[in-house]
file coords08.txt (compact mmCIF, C-alpha atoms)
# COMPACT_ATOMS: atom_id res chain seq x y z
CA MET T 5 53.79 -10.91 59.16
CA LEU T 6 55.01 -7.59 60.57
CA THR T 7 58.38 -9.15 61.42
CA ASN T 8 58.81 -10.44 57.85
CA GLY T 9 58.00 -6.98 56.52
CA LEU T 10 60.55 -5.38 58.84
CA ARG T 11 63.21 -7.88 57.75
CA ILE T 12 62.57 -7.04 54.10
CA LEU T 13 62.80 -3.34 54.94
CA SER T 14 66.01 -3.94 56.88
CA ASP T 15 67.56 -5.80 53.95
CA ALA T 16 66.46 -3.04 51.56
CA LEU T 17 68.04 -0.36 53.74
CA GLY T 18 71.25 -2.37 54.10
CA TRP T 19 71.73 -3.04 50.40
CA SER T 20 70.76 0.56 49.57
CA TYR T 21 73.51 1.93 51.80
CA PHE T 22 75.89 -0.62 50.27
CA VAL T 23 75.19 0.67 46.75
CA ILE T 24 75.21 4.38 47.65
CA TRP T 25 78.36 4.17 49.76
CA SER T 26 80.21 1.87 47.37
CA ILE T 27 79.76 4.21 44.41
CA SER T 28 81.74 6.87 46.25
CA PHE T 29 84.96 4.83 46.03
CA TYR T 30 85.23 4.94 42.23
CA PRO T 31 85.81 8.64 41.37
CA GLN T 32 89.27 8.83 42.99
CA ALA T 33 90.52 5.62 41.36
CA ILE T 34 89.18 6.75 37.98
CA LEU T 35 90.71 10.22 38.40
CA ASN T 36 94.11 8.74 39.25
CA TYR T 37 93.92 6.44 36.23
CA LYS T 38 92.97 9.24 33.83
CA ARG T 39 95.68 11.56 35.11
CA LYS T 40 98.27 8.77 35.42
CA SER T 41 99.33 10.63 38.54
CA VAL T 42 98.47 10.78 42.25
CA GLU T 43 99.87 14.26 42.82
CA GLY T 44 97.74 15.96 45.45
CA TYR T 45 96.20 12.73 46.74
CA SER T 46 96.81 12.06 50.44
CA ILE T 47 99.15 9.11 50.92
CA ASP T 48 98.16 9.07 54.59
CA PHE T 49 94.55 8.53 53.70
CA ALA T 50 95.22 5.97 50.98
CA THR T 51 97.27 3.93 53.43
CA LEU T 52 94.91 4.25 56.39
CA ASN T 53 91.87 3.49 54.27
CA ALA T 54 93.29 0.26 52.85
CA ILE T 55 94.49 -0.99 56.24
CA SER T 56 91.36 0.02 58.13
CA PHE T 57 88.99 -1.54 55.60
CA GLY T 58 91.11 -4.69 55.70
CA CYS T 59 90.53 -4.74 59.47
CA TYR T 60 86.82 -4.07 59.04
CA THR T 61 86.51 -6.87 56.48
CA PHE T 62 88.21 -9.35 58.81
CA TYR T 63 85.97 -8.16 61.66
CA THR T 64 82.67 -8.53 59.78
CA SER T 65 83.56 -11.86 58.15
CA ASN T 66 84.37 -13.39 61.53
CA PHE T 67 81.22 -12.02 63.15
CA LEU T 68 79.20 -13.60 60.33
CA PHE T 69 80.92 -16.96 59.85
CA ASN T 70 83.19 -17.76 62.81
CA ASP T 71 81.23 -20.02 65.19
CA ARG T 72 83.65 -19.35 68.03
CA VAL T 73 83.19 -15.59 67.73
CA ARG T 74 79.42 -15.91 67.44
CA GLU T 75 79.35 -18.01 70.61
CA GLU T 76 81.59 -15.56 72.48
CA TYR T 77 79.19 -12.80 71.46
CA ARG T 78 76.18 -14.78 72.72
CA GLN T 79 77.88 -15.33 76.07
CA ARG T 80 78.20 -11.57 76.51
CA HIS T 81 74.71 -10.70 75.25
CA HIS T 82 72.36 -13.10 76.98
CA GLY T 83 72.29 -15.65 74.17
CA LYS T 84 71.46 -13.10 71.43
CA ASP T 85 73.15 -13.09 68.01
CA ASN T 86 75.18 -10.17 66.70
CA SER T 87 73.69 -7.74 64.18
CA VAL T 88 76.34 -7.94 61.44
CA ALA T 89 74.48 -8.43 58.14
CA PRO T 90 75.62 -9.83 54.77
CA ASN T 91 75.44 -6.36 53.22
CA ASP T 92 77.97 -5.15 55.84
CA LEU T 93 80.46 -7.76 54.66
CA ALA T 94 79.75 -7.03 50.99
CA PHE T 95 80.40 -3.34 51.63
CA CYS T 96 83.66 -4.08 53.45
CA ILE T 97 85.01 -6.41 50.77
CA HIS T 98 84.14 -4.01 47.97
CA ALA T 99 85.61 -1.03 49.82
CA PHE T 100 88.78 -2.94 50.69
CA VAL T 101 89.37 -3.93 47.06
CA LEU T 102 88.85 -0.36 45.81
CA CYS T 103 91.07 1.06 48.56
CA CYS T 104 93.82 -1.41 47.66
CA ILE T 105 93.53 -0.29 44.04
CA THR T 106 93.90 3.39 44.95
CA LEU T 107 96.78 2.57 47.32
CA SER T 108 98.55 0.63 44.55
CA GLN T 109 98.11 3.66 42.30
CA THR T 110 100.20 5.68 44.77
CA TRP T 111 103.03 3.22 44.13
CA LEU T 112 102.60 3.06 40.35
CA TYR T 113 101.91 6.67 39.37
CA PRO T 114 104.12 9.75 39.87
CA ARG T 115 103.89 11.73 43.09
CA ALA T 116 104.79 15.29 43.93
CA PRO T 117 108.11 15.87 45.72
CA GLY T 118 107.73 15.05 49.40
CA GLN T 119 104.36 13.38 48.90
CA GLU T 120 104.67 10.40 51.22
CA LEU T 121 103.27 8.86 54.37
CA SER T 122 103.67 11.29 57.25
CA ALA T 123 105.97 10.53 60.17
CA TRP T 124 102.99 10.40 62.53
CA HIS T 125 101.16 7.80 60.50
CA ARG T 126 104.31 5.77 59.93
CA PHE T 127 104.41 5.54 63.72
CA VAL T 128 100.67 4.77 63.98
CA VAL T 129 100.81 2.01 61.35
CA SER T 130 103.96 0.48 62.87
CA ALA T 131 102.45 0.53 66.37
CA PHE T 132 99.18 -0.91 65.08
CA PHE T 133 100.82 -3.89 63.37
CA THR T 134 103.02 -4.52 66.41
CA ILE T 135 99.96 -4.61 68.69
CA ILE T 136 97.99 -6.77 66.26
CA ILE T 137 100.80 -9.33 66.00
CA ILE T 138 101.06 -9.54 69.80
CA GLU T 139 97.29 -9.83 70.20
CA GLY T 140 97.05 -12.37 67.37
CA LEU T 141 99.58 -14.57 69.14
CA SER T 142 97.61 -14.09 72.37
CA VAL T 143 94.44 -15.30 70.65
CA ILE T 144 96.23 -18.37 69.30
CA SER T 145 97.48 -19.07 72.83
CA ASP T 146 93.96 -18.56 74.27
CA ILE T 147 95.17 -15.68 76.41
CA ILE T 148 92.52 -13.24 75.12
CA PRO T 149 89.12 -13.98 73.51
CA THR T 150 88.95 -13.79 69.73
CA ILE T 151 86.07 -11.32 69.92
CA ASP T 152 88.21 -8.76 71.78
CA PHE T 153 90.89 -9.04 69.12
CA LEU T 154 88.24 -8.36 66.46
CA TYR T 155 86.87 -5.38 68.36
CA HIS T 156 90.36 -3.89 68.48
CA LEU T 157 90.65 -4.33 64.70
CA SER T 158 87.35 -2.51 64.23
CA TYR T 159 88.57 0.39 66.37
CA PHE T 160 91.35 1.02 63.87
CA LYS T 161 88.66 1.48 61.22
CA LEU T 162 87.08 4.11 63.44
CA TYR T 163 90.47 5.78 63.85
CA GLY T 164 90.95 5.88 60.07
CA SER T 165 87.57 7.52 59.54
CA THR T 166 88.13 9.98 62.38
CA ALA T 167 91.52 10.98 60.97
CA LYS T 168 89.95 11.54 57.55
CA TYR T 169 87.09 13.69 58.82
CA ALA T 170 89.30 15.60 61.28
CA SER T 171 91.60 16.57 58.41
CA GLN T 172 88.57 17.78 56.48
CA ALA T 173 87.19 19.75 59.41
CA SER T 174 90.51 21.44 60.20
CA ASN T 175 90.46 23.47 56.97
CA ALA T 176 89.48 27.05 57.73
CA PRO T 177 88.08 28.42 55.55
CA PRO T 178 86.95 25.15 53.96
CA LEU T 179 87.54 24.38 50.32
CA PRO T 180 84.69 24.93 47.84
CA TYR T 181 81.65 22.89 48.78
CA HIS T 182 81.16 21.46 45.29
CA SER T 183 84.74 20.20 45.22
CA ASN T 184 84.27 18.33 48.48
CA ASP T 185 84.36 14.63 47.72
CA LEU T 186 82.83 13.96 51.12
CA GLN T 187 79.49 15.47 49.93
CA SER T 188 77.83 16.04 53.26
CA SER T 189 74.27 15.35 52.21
CA SER T 190 75.30 12.07 50.59
CA LEU T 191 77.18 11.00 53.71
CA HIS T 192 74.12 11.74 55.81
CA ARG T 193 71.95 9.52 53.62
CA ARG T 194 74.39 6.62 53.77
CA ALA T 195 74.88 6.87 57.53
CA ILE T 196 71.16 7.19 58.24
CA LEU T 197 70.36 4.11 56.12
CA SER T 198 73.03 2.13 57.96
CA LEU T 199 71.83 3.32 61.37
CA PHE T 200 68.18 2.62 60.56
CA GLN T 201 69.09 -0.91 59.53
CA ALA T 202 70.82 -1.46 62.89
CA LEU T 203 67.75 -0.12 64.71
CA LEU T 204 65.40 -2.35 62.72
CA ILE T 205 67.50 -5.45 63.41
CA ALA T 206 67.45 -4.59 67.12
CA GLN T 207 63.66 -4.20 67.00
CA ILE T 208 63.12 -7.43 65.06
CA ASP T 209 65.32 -9.48 67.39
CA ASN T 210 64.20 -7.61 70.52
CA ASN T 211 67.88 -7.12 71.23
CA TRP T 212 68.86 -3.49 71.64
CA SER T 213 72.30 -4.44 72.89
CA SER T 214 73.07 -5.51 69.30
CA ILE T 215 73.54 -1.82 68.43
CA THR T 216 76.39 -1.31 70.89
CA GLY T 217 77.53 -4.88 70.26
CA ASN T 218 78.57 -3.77 66.77
CA PRO T 219 80.61 -0.67 67.70
CA ALA T 220 82.24 -0.33 64.28
CA LYS T 221 78.94 0.08 62.42
CA LEU T 222 77.49 2.33 65.12
CA GLY T 223 80.64 4.43 65.29
CA LEU T 224 80.88 4.86 61.51
CA SER T 225 77.24 5.93 61.38
CA ILE T 226 77.74 8.51 64.12
CA LEU T 227 80.93 9.86 62.53
CA SER T 228 79.25 10.07 59.12
CA ILE T 229 76.40 12.11 60.59
CA ALA T 230 78.32 14.33 63.02
CA PHE T 231 81.23 15.44 60.82
CA PRO T 232 79.19 16.24 57.68
CA SER T 233 76.87 18.29 59.90
CA PHE T 234 79.92 20.27 60.99
CA PHE T 235 81.07 20.61 57.36
CA MET T 236 77.73 22.15 56.41
CA LEU T 237 77.95 24.43 59.45
CA GLN T 238 81.39 25.51 58.25
CA HIS T 239 80.21 26.20 54.74
CA PHE T 240 76.87 27.86 55.34
CA VAL T 241 77.44 29.61 58.69
CA LEU T 242 81.03 29.89 59.90
CA TYR T 243 82.63 30.75 56.54
CA ASN T 244 79.63 31.81 54.54
CA GLU T 245 81.51 34.88 53.28
CA HIS T 246 83.76 32.52 51.30
CA SER T 247 80.87 30.91 49.43
CA ASP T 248 81.55 33.01 46.34
CA ILE T 249 84.60 30.88 45.61
CA GLU T 250 82.25 28.08 44.53
CA THR T 251 82.16 29.56 41.07
CA GLY T 252 85.90 30.14 40.96
CA PRO T 253 88.57 28.03 39.29
CA PRO T 254 89.27 24.49 40.46
CA VAL T 255 91.31 24.23 43.62
CA LYS T 256 94.67 22.49 43.52
CA TYR T 257 94.95 20.00 46.36
CA ASP T 258 98.08 19.29 48.32
CA GLU T 259 99.01 17.03 51.20
CA THR T 260 97.67 19.48 53.78
CA SER T 261 94.33 20.03 52.07
CA LYS T 262 91.23 17.91 52.33
CA LEU T 263 91.37 14.22 51.67
CA LEU T 264 89.87 13.46 48.31
CA GLU T 265 88.15 10.14 48.82
CA ALA T 266 85.01 9.21 50.74

call {"tool": "encode", "arguments": {"input": "coords08.txt", "output": "structure tokens"}}
result
Amino acid sequence: MLTNGLRILSDALGWSYFVIWSISFYPQAILNYKRKSVEGYSIDFATLNAISFGCYTFYTSNFLFNDRVREEYRQRHHGKDNSVAPNDLAFCIHAFVLCCITLSQTWLYPRAPGQELSAWHRFVVSAFFTIIIIEGLSVISDIIPTIDFLYHLSYFKLYGSTAKYASQASNAPPLPYHSNDLQSSSLHRRAILSLFQALLIAQIDNNWSSITGNPAKLGLSILSIAFPSFFMLQHFVLYNEHSDIETGPPVKYDETSKLLEA
């Protein structure tokens, strides 16, 4: 009876974080559509977000439905199943579609002069696809396990999120808190719901290794708690003297300012 109740709670937490997190992808796409322009929107982030969520979608779908991957996971975790849940896949698919829409807007709508993918991330993306092609061929040839290939895909999602938050954190003083599309308190709620679901699944299945066995979900939760905590520290402590700009005029974003999308 208690186990059934915990499963219901786990599902409720998972679908709640799906709804809350998914809503955050719409404002940027709507803003671009209304303005018929992407001037000021980070091309680096639009590109990384679409690619990294594509990787995350492929990762979660295989952990849910690929029998070979599920068996490889069991072999490494004493016969236990992985903790990837249907709401994780739903979140990934939805996010990937919205990220592809915002990326396509960067091709369709006018940009500012020089607004393009940075040289560093052209290198990162090129290196990533080169490695993935080599590893994909290695999986087909049974040189490396499929599960390792999927883990490597999920790490690129973690890189994309880290790059986004690091760009945000590097602004000193930070931009006005109300203009921050990464709304720290909202990010905390989403990450905590996701982390609690992972903990509940581990408790229900008596399998605490399932938390570290899903490094993408764990890593995203930690990033989404740690960086927003730093953002609030920036705003309320480190640069509190700049808080009066909250009531000032809207800030014009450029390629070196904060990324606009959650």

call {"tool": "residues_near_point", "arguments": {"input": "coords08.txt", "point": "(67.4, -7.8, 67.3)", "cutoff": "12 Å", "atoms": "only C-alpha atoms", "output": "number ranges by chain"}}
result
T: 7, 10-11, 14, 81, 83-89, 201-218

call {"tool": "residues_near_point", "arguments": {"input": "coords08.txt", "point": "(88.0, 6.5, 43.1)", "cutoff": "9 Å", "atoms": "only C-alpha atoms", "output": "JSON, numbers by chain"}}
result
{"T": [27, 28, 29, 30, 31, 32, 33, 34, 35, 36, 102, 103, 105, 106, 264, 265, 266]}

call {"tool": "atom_distance", "arguments": {"input": "coords08.txt", "atom1": "CA of Cys59 in chain T", "atom2": "CA of Ala195 in chain T"}}
result
19.6 Å

call {"tool": "closest_residue", "arguments": {"input": "coords08.txt", "among": "T:Ser145, T:Ser20, T:Gln119, T:Ser165", "to": "Leu52 in chain T", "atoms": "all atoms listed in the file"}}
result
T:Ser165

call {"tool": "atom_distance", "arguments": {"input": "coords08.txt", "atom1": "CA of Trp111 in chain T", "atom2": "CA of Ser56 in chain T"}}
result
18.5 Å

call {"tool": "closest_residue", "arguments": {"input": "coords08.txt", "among": "T:Tyr21, T:Phe200, T:Phe132, T:Tyr169", "to": "Phe231 in chain T", "atoms": "all atoms listed in the file"}}
result
T:Tyr169

call {"tool": "atom_distance", "arguments": {"input": "coords08.txt", "atom1": "CA of Cys96 in chain T", "atom2": "CA of Pro114 in chain T"}}
result
28.2 Å

call {"tool": "residues_around", "arguments": {"input": "coords08.txt", "residues": "Arg115 in chain T", "least_positions_apart": "2", "cutoff": "8 Å", "atoms": "only C-alpha atoms", "output": "PDB file with C-alpha atoms, keeping the file's coordinate frame"}}
result
ATOM      1  CA  SER T  41      99.330  10.630  38.540  1.00  0.00           C
ATOM      2  CA  VAL T  42      98.470  10.780  42.250  1.00  0.00           C
ATOM      3  CA  GLU T  43      99.870  14.260  42.820  1.00  0.00           C
ATOM      4  CA  GLY T  44      97.740  15.960  45.450  1.00  0.00           C
ATOM      5  CA  THR T 110     100.200   5.680  44.770  1.00  0.00           C
ATOM      6  CA  TYR T 113     101.910   6.670  39.370  1.00  0.00           C
ATOM      7  CA  PRO T 117     108.110  15.870  45.720  1.00  0.00           C
ATOM      8  CA  GLN T 119     104.360  13.380  48.900  1.00  0.00           C
TER       9      GLN T 119
END

call {"tool": "closest_residue", "arguments": {"input": "coords08.txt", "among": "T:Asp92, T:Glu76, T:Glu139, T:Asp146", "to": "Ser26 in chain T", "atoms": "only C-alpha atoms"}}
result
T:Asp92

call {"tool": "residues_around", "arguments": {"input": "coords08.txt", "residues": "range 147-153 of chain T", "least_positions_apart": "3", "cutoff": "9 Å", "atoms": "all atoms listed in the file", "output": "number ranges by chain"}}
result
T: 63, 66-67, 72-74, 76-77, 136, 139-144, 156-158

call {"tool": "closest_residue", "arguments": {"input": "coords08.txt", "among": "T:Ala170, T:Leu162, T:Ala54, T:Leu197", "to": "Pro219 in chain T", "atoms": "all atoms listed in the file"}}
result
T:Leu162
